[in-house]
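Trainee: File follows, run-v5.pdb with PDB, N, CA and C atoms:
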```pdb
ATOM      1  N   MET A 832     -19.176  23.244 -32.847
ATOM      2  CA  MET A 832     -18.567  21.960 -33.128
ATOM      3  C   MET A 832     -17.286  22.103 -33.941
ATOM      4  N   GLY A 833     -16.747  23.272 -34.075
ATOM      5  CA  GLY A 833     -15.561  23.477 -34.884
ATOM      6  C   GLY A 833     -14.363  22.654 -34.458
ATOM      7  N   GLU A 834     -14.194  22.407 -33.157
ATOM      8  CA  GLU A 834     -13.050  21.631 -32.673
ATOM      9  C   GLU A 834     -13.343  20.141 -32.635
ATOM     10  N   CYS A 835     -14.580  19.747 -32.844
ATOM     11  CA  CYS A 835     -14.972  18.343 -32.676
ATOM     12  C   CYS A 835     -14.656  17.515 -33.909
ATOM     13  N   TYR A 836     -14.101  16.342 -33.681
ATOM     14  CA  TYR A 836     -13.908  15.359 -34.748
ATOM     15  C   TYR A 836     -15.198  14.576 -34.938
ATOM     16  N   ALA A 837     -15.862  14.263 -33.838
ATOM     17  CA  ALA A 837     -17.092  13.489 -33.886
ATOM     18  C   ALA A 837     -18.028  13.970 -32.787
ATOM     19  N   ASN A 838     -19.315  13.716 -32.963
ATOM     20  CA  ASN A 838     -20.309  14.135 -31.994
ATOM     21  C   ASN A 838     -21.399  13.076 -31.930
ATOM     22  N   LEU A 839     -21.823  12.732 -30.726
ATOM     23  CA  LEU A 839     -22.930  11.806 -30.529
ATOM     24  C   LEU A 839     -24.050  12.546 -29.807
ATOM     25  N   GLU A 840     -25.239  12.558 -30.403
ATOM     26  CA  GLU A 840     -26.406  13.137 -29.748
ATOM     27  C   GLU A 840     -27.156  11.988 -29.086
ATOM     28  N   CYS A 841     -27.400  12.119 -27.787
ATOM     29  CA  CYS A 841     -28.002  11.019 -27.027
ATOM     30  C   CYS A 841     -29.248  11.476 -26.294
ATOM     31  N   ARG A 842     -30.055  10.503 -25.907
ATOM     32  CA  ARG A 842     -31.161  10.756 -24.996
ATOM     33  C   ARG A 842     -31.046   9.743 -23.860
ATOM     34  N   VAL A 843     -31.549  10.127 -22.690
ATOM     35  CA  VAL A 843     -31.486   9.235 -21.529
ATOM     36  C   VAL A 843     -32.442   8.073 -21.759
ATOM     37  N   HIS A 844     -31.914   6.871 -21.650
ATOM     38  CA  HIS A 844     -32.699   5.656 -21.883
ATOM     39  C   HIS A 844     -33.110   4.980 -20.573
ATOM     40  N   ASP A 845     -32.218   5.023 -19.564
ATOM     41  CA  ASP A 845     -32.478   4.308 -18.312
ATOM     42  C   ASP A 845     -31.763   5.026 -17.172
ATOM     43  N   THR A 846     -32.474   5.285 -16.091
ATOM     44  CA  THR A 846     -31.887   5.974 -14.935
ATOM     45  C   THR A 846     -31.869   5.090 -13.686
ATOM     46  N   ARG A 847     -32.145   3.808 -13.804
ATOM     47  CA  ARG A 847     -32.255   2.943 -12.625
ATOM     48  C   ARG A 847     -30.951   2.796 -11.848
ATOM     49  N   MET A 848     -29.806   3.027 -12.459
ATOM     50  CA  MET A 848     -28.531   2.855 -11.756
ATOM     51  C   MET A 848     -27.929   4.168 -11.264
ATOM     52  N   VAL A 849     -28.665   5.264 -11.413
ATOM     53  CA  VAL A 849     -28.129   6.567 -11.032
ATOM     54  C   VAL A 849     -27.873   6.654  -9.530
ATOM     55  N   ASN A 850     -28.844   6.318  -8.715
ATOM     56  CA  ASN A 850     -28.684   6.465  -7.267
ATOM     57  C   ASN A 850     -27.589   5.566  -6.709
ATOM     58  N   ARG A 851     -27.480   4.363  -7.193
ATOM     59  CA  ARG A 851     -26.506   3.414  -6.655
ATOM     60  C   ARG A 851     -25.088   3.613  -7.217
ATOM     61  N   TYR A 852     -24.990   3.838  -8.531
ATOM     62  CA  TYR A 852     -23.683   3.892  -9.177
ATOM     63  C   TYR A 852     -23.358   5.220  -9.861
ATOM     64  N   GLY A 853     -24.338   6.112  -9.981
ATOM     65  CA  GLY A 853     -24.116   7.361 -10.698
ATOM     66  C   GLY A 853     -24.011   7.166 -12.202
ATOM     67  N   ILE A 854     -24.707   6.140 -12.717
ATOM     68  CA  ILE A 854     -24.612   5.796 -14.141
ATOM     69  C   ILE A 854     -25.949   6.037 -14.833
ATOM     70  N   PHE A 855     -25.904   6.763 -15.932
ATOM     71  CA  PHE A 855     -27.043   6.927 -16.825
ATOM     72  C   PHE A 855     -26.800   6.035 -18.037
ATOM     73  N   ILE A 856     -27.818   5.348 -18.514
ATOM     74  CA  ILE A 856     -27.729   4.592 -19.767
ATOM     75  C   ILE A 856     -28.327   5.489 -20.846
ATOM     76  N   LEU A 857     -27.511   5.772 -21.867
ATOM     77  CA  LEU A 857     -27.934   6.675 -22.936
ATOM     78  C   LEU A 857     -28.154   5.904 -24.228
ATOM     79  N   GLU A 858     -28.984   6.453 -25.074
ATOM     80  CA  GLU A 858     -29.234   5.901 -26.412
ATOM     81  C   GLU A 858     -28.766   6.937 -27.425
ATOM     82  N   VAL A 859     -27.905   6.539 -28.325
ATOM     83  CA  VAL A 859     -27.438   7.439 -29.373
ATOM     84  C   VAL A 859     -28.547   7.573 -30.407
ATOM     85  N   VAL A 860     -28.946   8.807 -30.684
ATOM     86  CA  VAL A 860     -30.007   9.048 -31.667
ATOM     87  C   VAL A 860     -29.470   9.662 -32.955
ATOM     88  N   LYS A 861     -28.262  10.239 -32.884
ATOM     89  CA  LYS A 861     -27.657  10.826 -34.076
ATOM     90  C   LYS A 861     -26.146  10.853 -33.876
ATOM     91  N   ALA A 862     -25.398  10.568 -34.933
ATOM     92  CA  ALA A 862     -23.939  10.596 -34.865
ATOM     93  C   ALA A 862     -23.407  11.417 -36.035
ATOM     94  N   TRP A 863     -22.288  12.096 -35.792
ATOM     95  CA  TRP A 863     -21.668  12.923 -36.818
ATOM     96  C   TRP A 863     -20.162  12.777 -36.708
ATOM     97  N   VAL A 864     -19.482  12.747 -37.836
ATOM     98  CA  VAL A 864     -18.027  12.726 -37.862
ATOM     99  C   VAL A 864     -17.563  13.661 -38.981
ATOM    100  N   ASP A 865     -16.460  14.364 -38.755
ATOM    101  CA  ASP A 865     -15.917  15.275 -39.753
ATOM    102  C   ASP A 865     -15.007  14.486 -40.689
ATOM    103  N   PRO A 866     -15.435  14.223 -41.920
ATOM    104  CA  PRO A 866     -14.633  13.419 -42.843
ATOM    105  C   PRO A 866     -13.342  14.104 -43.277
ATOM    106  N   ALA A 867     -13.212  15.402 -43.035
ATOM    107  CA  ALA A 867     -11.997  16.123 -43.420
ATOM    108  C   ALA A 867     -10.836  15.844 -42.463
ATOM    109  N   VAL A 868     -11.132  15.354 -41.267
ATOM    110  CA  VAL A 868     -10.074  15.069 -40.285
ATOM    111  C   VAL A 868      -9.587  13.643 -40.521
ATOM    112  N   LYS A 869      -8.344  13.514 -40.966
ATOM    113  CA  LYS A 869      -7.808  12.194 -41.333
ATOM    114  C   LYS A 869      -7.200  11.448 -40.148
ATOM    115  N   ASP A 870      -6.489  12.128 -39.272
ATOM    116  CA  ASP A 870      -5.852  11.499 -38.110
ATOM    117  C   ASP A 870      -6.185  12.296 -36.854
ATOM    118  N   PRO A 871      -7.379  12.082 -36.305
ATOM    119  CA  PRO A 871      -7.767  12.885 -35.136
ATOM    120  C   PRO A 871      -6.930  12.544 -33.910
ATOM    121  N   ARG A 872      -6.647  13.543 -33.095
ATOM    122  CA  ARG A 872      -5.981  13.335 -31.812
ATOM    123  C   ARG A 872      -7.096  13.350 -30.774
ATOM    124  N   THR A 873      -7.528  12.169 -30.375
ATOM    125  CA  THR A 873      -8.675  12.039 -29.486
ATOM    126  C   THR A 873      -8.237  12.012 -28.027
ATOM    127  N   LEU A 874      -9.115  12.507 -27.156
ATOM    128  CA  LEU A 874      -8.873  12.568 -25.724
ATOM    129  C   LEU A 874      -9.640  11.429 -25.059
ATOM    130  N   HIS A 875      -8.976  10.693 -24.180
ATOM    131  CA  HIS A 875      -9.577   9.528 -23.514
ATOM    132  C   HIS A 875      -9.494   9.692 -22.004
ATOM    133  N   HIS A 876     -10.612   9.487 -21.317
ATOM    134  CA  HIS A 876     -10.627   9.541 -19.853
ATOM    135  C   HIS A 876     -10.219   8.178 -19.325
ATOM    136  N   ARG A 877      -9.226   8.143 -18.456
ATOM    137  CA  ARG A 877      -8.714   6.888 -17.912
ATOM    138  C   ARG A 877      -9.147   6.682 -16.471
ATOM    139  N   GLY A 878      -9.937   7.582 -15.924
ATOM    140  CA  GLY A 878     -10.436   7.464 -14.561
ATOM    141  C   GLY A 878      -9.586   8.222 -13.569
ATOM    142  N   MET A 879     -10.196   8.569 -12.434
ATOM    143  CA  MET A 879      -9.513   9.236 -11.333
ATOM    144  C   MET A 879      -8.801  10.518 -11.790
ATOM    145  N   GLY A 880      -9.416  11.249 -12.702
ATOM    146  CA  GLY A 880      -8.852  12.508 -13.157
ATOM    147  C   GLY A 880      -7.719  12.389 -14.159
ATOM    148  N   ALA A 881      -7.458  11.190 -14.655
ATOM    149  CA  ALA A 881      -6.371  10.989 -15.625
ATOM    150  C   ALA A 881      -6.930  10.910 -17.042
ATOM    151  N   PHE A 882      -6.265  11.589 -17.963
ATOM    152  CA  PHE A 882      -6.652  11.597 -19.371
ATOM    153  C   PHE A 882      -5.429  11.274 -20.209
ATOM    154  N   MET A 883      -5.668  10.825 -21.439
ATOM    155  CA  MET A 883      -4.568  10.646 -22.383
ATOM    156  C   MET A 883      -5.020  11.129 -23.752
ATOM    157  N   VAL A 884      -4.067  11.568 -24.546
ATOM    158  CA  VAL A 884      -4.334  11.975 -25.922
ATOM    159  C   VAL A 884      -3.769  10.883 -26.818
ATOM    160  N   ALA A 885      -4.612  10.394 -27.740
ATOM    161  CA  ALA A 885      -4.167   9.356 -28.670
ATOM    162  C   ALA A 885      -2.991   9.898 -29.468
ATOM    163  N   GLY A 886      -2.039   9.040 -29.711
ATOM    164  CA  GLY A 886      -0.824   9.487 -30.385
ATOM    165  C   GLY A 886      -0.605   8.834 -31.724
ATOM    166  N   GLU A 887       0.629   8.483 -31.957
ATOM    167  CA  GLU A 887       1.094   7.948 -33.221
ATOM    168  C   GLU A 887       0.382   6.627 -33.559
ATOM    169  N   THR A 888       0.022   6.458 -34.822
ATOM    170  CA  THR A 888      -0.559   5.209 -35.300
ATOM    171  C   THR A 888       0.563   4.234 -35.611
ATOM    172  N   ILE A 889       0.442   3.027 -35.108
ATOM    173  CA  ILE A 889       1.434   1.978 -35.337
ATOM    174  C   ILE A 889       0.758   0.868 -36.106
ATOM    175  N   LYS A 890       1.307   0.490 -37.264
ATOM    176  CA  LYS A 890       0.731  -0.584 -38.075
ATOM    177  C   LYS A 890       1.609  -1.826 -37.945
ATOM    178  N   LEU A 891       0.969  -2.935 -37.602
ATOM    179  CA  LEU A 891       1.653  -4.215 -37.469
ATOM    180  C   LEU A 891       0.988  -5.213 -38.389
ATOM    181  N   LYS A 892       1.731  -6.199 -38.822
ATOM    182  CA  LYS A 892       1.160  -7.243 -39.663
ATOM    183  C   LYS A 892       0.098  -7.996 -38.860
ATOM    184  N   SER A 893      -1.052  -8.182 -39.454
ATOM    185  CA  SER A 893      -2.159  -8.843 -38.781
ATOM    186  C   SER A 893      -2.087 -10.344 -38.936
ATOM    187  N   ALA A 894      -2.409 -11.069 -37.876
ATOM    188  CA  ALA A 894      -2.508 -12.528 -37.938
ATOM    189  C   ALA A 894      -3.937 -12.967 -38.252
ATOM    190  N   MET A 895      -4.835 -11.997 -38.375
ATOM    191  CA  MET A 895      -6.244 -12.305 -38.662
ATOM    192  C   MET A 895      -6.401 -12.763 -40.098
ATOM    193  N   LYS A 896      -7.228 -13.734 -40.299
ATOM    194  CA  LYS A 896      -7.499 -14.265 -41.641
ATOM    195  C   LYS A 896      -8.890 -13.895 -42.062
TER
END
```
Have the structure of the file written as structure tokens, please.
Mentor:
Amino acid sequence: MGECYANLECRVHDTRMVNRYGIFILEVVKAWVDPAVKDPRTLHHRGMGAFMVAGETIKLKSAMK
């Protein structure tokens, strides 16, 4: 786990959609995050073989109250 920023340990919860859609429903049983990593560069799957790496953080004034 040396390269990992975070890790989720899961167990299979439901397999009813596997044959039709190829989807397993998982239940997270344990989670871990490395608190020493302040700005992780995370990898995101965008579908159809496309990935992106998270980049620069942009802070904008929030309209939330």
Trainee: Which one is closest to Ala862 in chain A: A:Met848, A:Ala837, A:Val843, A:Met883? Count only N, CA and C atoms.
Mentor: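 Ranked by minimum distance to Ala862 in chain A, first place goes to A:Ala837.
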Trainee: To one decimal place, how far is CA of Leu839 in chain A from atom N of Leu857 in chain A in Å?
Mentor: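 If I compute the distance from CA of Leu839 in chain A to atom N of Leu857 in chain A, I get 11.5 Å.
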Trainee: Could you jot down the CA of Cys841 in chain A to CA of His875 in chain A separation for me, Å, one decimal place?
Mentor: 18.8 Å
Trainee: Which one of A:Glu834, A:Arg877, A:Asp845, A:Met895 sits closest to Glu858 in chain A if you count only C-alpha atoms?
Mentor: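 Closest to Glu858 in chain A, using only C-alpha atoms: A:Asp845.
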Trainee: Do you have the atom C of Val868 in chain A-atom N of Ile889 in chain A distance handy?
Mentor: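 We find that atom C of Val868 in chain A and atom N of Ile889 in chain A lie 15.6 Å from each other.
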Trainee: Please evaluate the PyMOL selection byres (((chain A and resi 865 and name CA) around 10) and name CA) against the displayed coordinates and give the resulting residues as number ranges by chain.
Mentor: A: 832-838, 863-864, 866-869, 871
Trainee: Looking only at the backbone, which of the residues in chain A does DSSP tag as helix (DSSP H, G or I), as a list in words?
Mentor: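 The residues of chain A classed as helix (DSSP H, G or I) are Val849, Asn850, Arg851 and Tyr852 of chain A.
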Trainee: Could you pull out all residues of chain A with a DSSP call of strand (DSSP E or B) and give them as a PDB file with N, CA and C atoms, in the coordinates of the input?
Mentor:
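File produced: out_21.pdb:
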```pdb
ATOM      1  N   ALA A 837     -15.862  14.263 -33.838  1.00  0.00           N
ATOM      2  CA  ALA A 837     -17.092  13.489 -33.886  1.00  0.00           C
ATOM      3  C   ALA A 837     -18.028  13.970 -32.787  1.00  0.00           C
ATOM      4  N   ASN A 838     -19.315  13.716 -32.963  1.00  0.00           N
ATOM      5  CA  ASN A 838     -20.309  14.135 -31.994  1.00  0.00           C
ATOM      6  C   ASN A 838     -21.399  13.076 -31.930  1.00  0.00           C
ATOM      7  N   LEU A 839     -21.823  12.732 -30.726  1.00  0.00           N
ATOM      8  CA  LEU A 839     -22.930  11.806 -30.529  1.00  0.00           C
ATOM      9  C   LEU A 839     -24.050  12.546 -29.807  1.00  0.00           C
ATOM     10  N   GLU A 840     -25.239  12.558 -30.403  1.00  0.00           N
ATOM     11  CA  GLU A 840     -26.406  13.137 -29.748  1.00  0.00           C
ATOM     12  C   GLU A 840     -27.156  11.988 -29.086  1.00  0.00           C
ATOM     13  N   CYS A 841     -27.400  12.119 -27.787  1.00  0.00           N
ATOM     14  CA  CYS A 841     -28.002  11.019 -27.027  1.00  0.00           C
ATOM     15  C   CYS A 841     -29.248  11.476 -26.294  1.00  0.00           C
ATOM     16  N   ARG A 842     -30.055  10.503 -25.907  1.00  0.00           N
ATOM     17  CA  ARG A 842     -31.161  10.756 -24.996  1.00  0.00           C
ATOM     18  C   ARG A 842     -31.046   9.743 -23.860  1.00  0.00           C
ATOM     19  N   VAL A 843     -31.549  10.127 -22.690  1.00  0.00           N
ATOM     20  CA  VAL A 843     -31.486   9.235 -21.529  1.00  0.00           C
ATOM     21  C   VAL A 843     -32.442   8.073 -21.759  1.00  0.00           C
ATOM     22  N   HIS A 844     -31.914   6.871 -21.650  1.00  0.00           N
ATOM     23  CA  HIS A 844     -32.699   5.656 -21.883  1.00  0.00           C
ATOM     24  C   HIS A 844     -33.110   4.980 -20.573  1.00  0.00           C
ATOM     25  N   ASP A 845     -32.218   5.023 -19.564  1.00  0.00           N
ATOM     26  CA  ASP A 845     -32.478   4.308 -18.312  1.00  0.00           C
ATOM     27  C   ASP A 845     -31.763   5.026 -17.172  1.00  0.00           C
ATOM     28  N   ILE A 856     -27.818   5.348 -18.514  1.00  0.00           N
ATOM     29  CA  ILE A 856     -27.729   4.592 -19.767  1.00  0.00           C
ATOM     30  C   ILE A 856     -28.327   5.489 -20.846  1.00  0.00           C
ATOM     31  N   LEU A 857     -27.511   5.772 -21.867  1.00  0.00           N
ATOM     32  CA  LEU A 857     -27.934   6.675 -22.936  1.00  0.00           C
ATOM     33  C   LEU A 857     -28.154   5.904 -24.228  1.00  0.00           C
ATOM     34  N   GLU A 858     -28.984   6.453 -25.074  1.00  0.00           N
ATOM     35  CA  GLU A 858     -29.234   5.901 -26.412  1.00  0.00           C
ATOM     36  C   GLU A 858     -28.766   6.937 -27.425  1.00  0.00           C
ATOM     37  N   VAL A 859     -27.905   6.539 -28.325  1.00  0.00           N
ATOM     38  CA  VAL A 859     -27.438   7.439 -29.373  1.00  0.00           C
ATOM     39  C   VAL A 859     -28.547   7.573 -30.407  1.00  0.00           C
ATOM     40  N   VAL A 860     -28.946   8.807 -30.684  1.00  0.00           N
ATOM     41  CA  VAL A 860     -30.007   9.048 -31.667  1.00  0.00           C
ATOM     42  C   VAL A 860     -29.470   9.662 -32.955  1.00  0.00           C
ATOM     43  N   LYS A 861     -28.262  10.239 -32.884  1.00  0.00           N
ATOM     44  CA  LYS A 861     -27.657  10.826 -34.076  1.00  0.00           C
ATOM     45  C   LYS A 861     -26.146  10.853 -33.876  1.00  0.00           C
ATOM     46  N   ALA A 862     -25.398  10.568 -34.933  1.00  0.00           N
ATOM     47  CA  ALA A 862     -23.939  10.596 -34.865  1.00  0.00           C
ATOM     48  C   ALA A 862     -23.407  11.417 -36.035  1.00  0.00           C
ATOM     49  N   TRP A 863     -22.288  12.096 -35.792  1.00  0.00           N
ATOM     50  CA  TRP A 863     -21.668  12.923 -36.818  1.00  0.00           C
ATOM     51  C   TRP A 863     -20.162  12.777 -36.708  1.00  0.00           C
ATOM     52  N   VAL A 864     -19.482  12.747 -37.836  1.00  0.00           N
ATOM     53  CA  VAL A 864     -18.027  12.726 -37.862  1.00  0.00           C
ATOM     54  C   VAL A 864     -17.563  13.661 -38.981  1.00  0.00           C
ATOM     55  N   LEU A 874      -9.115  12.507 -27.156  1.00  0.00           N
ATOM     56  CA  LEU A 874      -8.873  12.568 -25.724  1.00  0.00           C
ATOM     57  C   LEU A 874      -9.640  11.429 -25.059  1.00  0.00           C
ATOM     58  N   HIS A 875      -8.976  10.693 -24.180  1.00  0.00           N
ATOM     59  CA  HIS A 875      -9.577   9.528 -23.514  1.00  0.00           C
ATOM     60  C   HIS A 875      -9.494   9.692 -22.004  1.00  0.00           C
ATOM     61  N   HIS A 876     -10.612   9.487 -21.317  1.00  0.00           N
ATOM     62  CA  HIS A 876     -10.627   9.541 -19.853  1.00  0.00           C
ATOM     63  C   HIS A 876     -10.219   8.178 -19.325  1.00  0.00           C
ATOM     64  N   ARG A 877      -9.226   8.143 -18.456  1.00  0.00           N
ATOM     65  CA  ARG A 877      -8.714   6.888 -17.912  1.00  0.00           C
ATOM     66  C   ARG A 877      -9.147   6.682 -16.471  1.00  0.00           C
ATOM     67  N   GLY A 878      -9.937   7.582 -15.924  1.00  0.00           N
ATOM     68  CA  GLY A 878     -10.436   7.464 -14.561  1.00  0.00           C
ATOM     69  C   GLY A 878      -9.586   8.222 -13.569  1.00  0.00           C
ATOM     70  N   ALA A 881      -7.458  11.190 -14.655  1.00  0.00           N
ATOM     71  CA  ALA A 881      -6.371  10.989 -15.625  1.00  0.00           C
ATOM     72  C   ALA A 881      -6.930  10.910 -17.042  1.00  0.00           C
ATOM     73  N   PHE A 882      -6.265  11.589 -17.963  1.00  0.00           N
ATOM     74  CA  PHE A 882      -6.652  11.597 -19.371  1.00  0.00           C
ATOM     75  C   PHE A 882      -5.429  11.274 -20.209  1.00  0.00           C
ATOM     76  N   MET A 883      -5.668  10.825 -21.439  1.00  0.00           N
ATOM     77  CA  MET A 883      -4.568  10.646 -22.383  1.00  0.00           C
ATOM     78  C   MET A 883      -5.020  11.129 -23.752  1.00  0.00           C
ATOM     79  N   VAL A 884      -4.067  11.568 -24.546  1.00  0.00           N
ATOM     80  CA  VAL A 884      -4.334  11.975 -25.922  1.00  0.00           C
ATOM     81  C   VAL A 884      -3.769  10.883 -26.818  1.00  0.00           C
TER      82      VAL A 884
END
```
Trainee: As a check of understanding, name the residues that the PyMOL selection byres (((chain A and resi 888 and name CA) around 12) and name CA) selects in the supplied structure, as an mmCIF file with N, CA and C atoms, in the frame of the given file.
Mentor:
```cif
data_model
loop_
_atom_site.group_PDB
_atom_site.id
_atom_site.type_symbol
_atom_site.label_atom_id
_atom_site.label_comp_id
_atom_site.auth_asym_id
_atom_site.auth_seq_id
_atom_site.Cartn_x
_atom_site.Cartn_y
_atom_site.Cartn_z
ATOM 1 N N LYS A 869 -8.344 13.514 -40.966
ATOM 2 C CA LYS A 869 -7.808 12.194 -41.333
ATOM 3 C C LYS A 869 -7.200 11.448 -40.148
ATOM 4 N N ASP A 870 -6.489 12.128 -39.272
ATOM 5 C CA ASP A 870 -5.852 11.499 -38.110
ATOM 6 C C ASP A 870 -6.185 12.296 -36.854
ATOM 7 N N PRO A 871 -7.379 12.082 -36.305
ATOM 8 C CA PRO A 871 -7.767 12.885 -35.136
ATOM 9 C C PRO A 871 -6.930 12.544 -33.910
ATOM 10 N N ARG A 872 -6.647 13.543 -33.095
ATOM 11 C CA ARG A 872 -5.981 13.335 -31.812
ATOM 12 C C ARG A 872 -7.096 13.350 -30.774
ATOM 13 N N ALA A 885 -4.612 10.394 -27.740
ATOM 14 C CA ALA A 885 -4.167 9.356 -28.670
ATOM 15 C C ALA A 885 -2.991 9.898 -29.468
ATOM 16 N N GLY A 886 -2.039 9.040 -29.711
ATOM 17 C CA GLY A 886 -0.824 9.487 -30.385
ATOM 18 C C GLY A 886 -0.605 8.834 -31.724
ATOM 19 N N GLU A 887 0.629 8.483 -31.957
ATOM 20 C CA GLU A 887 1.094 7.948 -33.221
ATOM 21 C C GLU A 887 0.382 6.627 -33.559
ATOM 22 N N ILE A 889 0.442 3.027 -35.108
ATOM 23 C CA ILE A 889 1.434 1.978 -35.337
ATOM 24 C C ILE A 889 0.758 0.868 -36.106
ATOM 25 N N LYS A 890 1.307 0.490 -37.264
ATOM 26 C CA LYS A 890 0.731 -0.584 -38.075
ATOM 27 C C LYS A 890 1.609 -1.826 -37.945
ATOM 28 N N LEU A 891 0.969 -2.935 -37.602
ATOM 29 C CA LEU A 891 1.653 -4.215 -37.469
ATOM 30 C C LEU A 891 0.988 -5.213 -38.389
#
```
Trainee: For Arg847 in chain A, work out the shell of residues within 9 Å, counting only C-alpha atoms and skipping chain neighbours fewer than 5 positions away, then give it as a list in words.
Mentor: Ile854, Phe855 and Ile856 of chain A
Trainee: With 8 Å added on each side, what axis-aligned box encloses every listed atom of range 844-861 of chain A? Give the centre and edge lengths in Å to one decimal, as JSON.
Mentor:
```
{"center_x": -28.2, "center_y": 6.8, "center_z": -20.4, "size_x": 25.8, "size_y": 24.1, "size_z": 43.4}
```
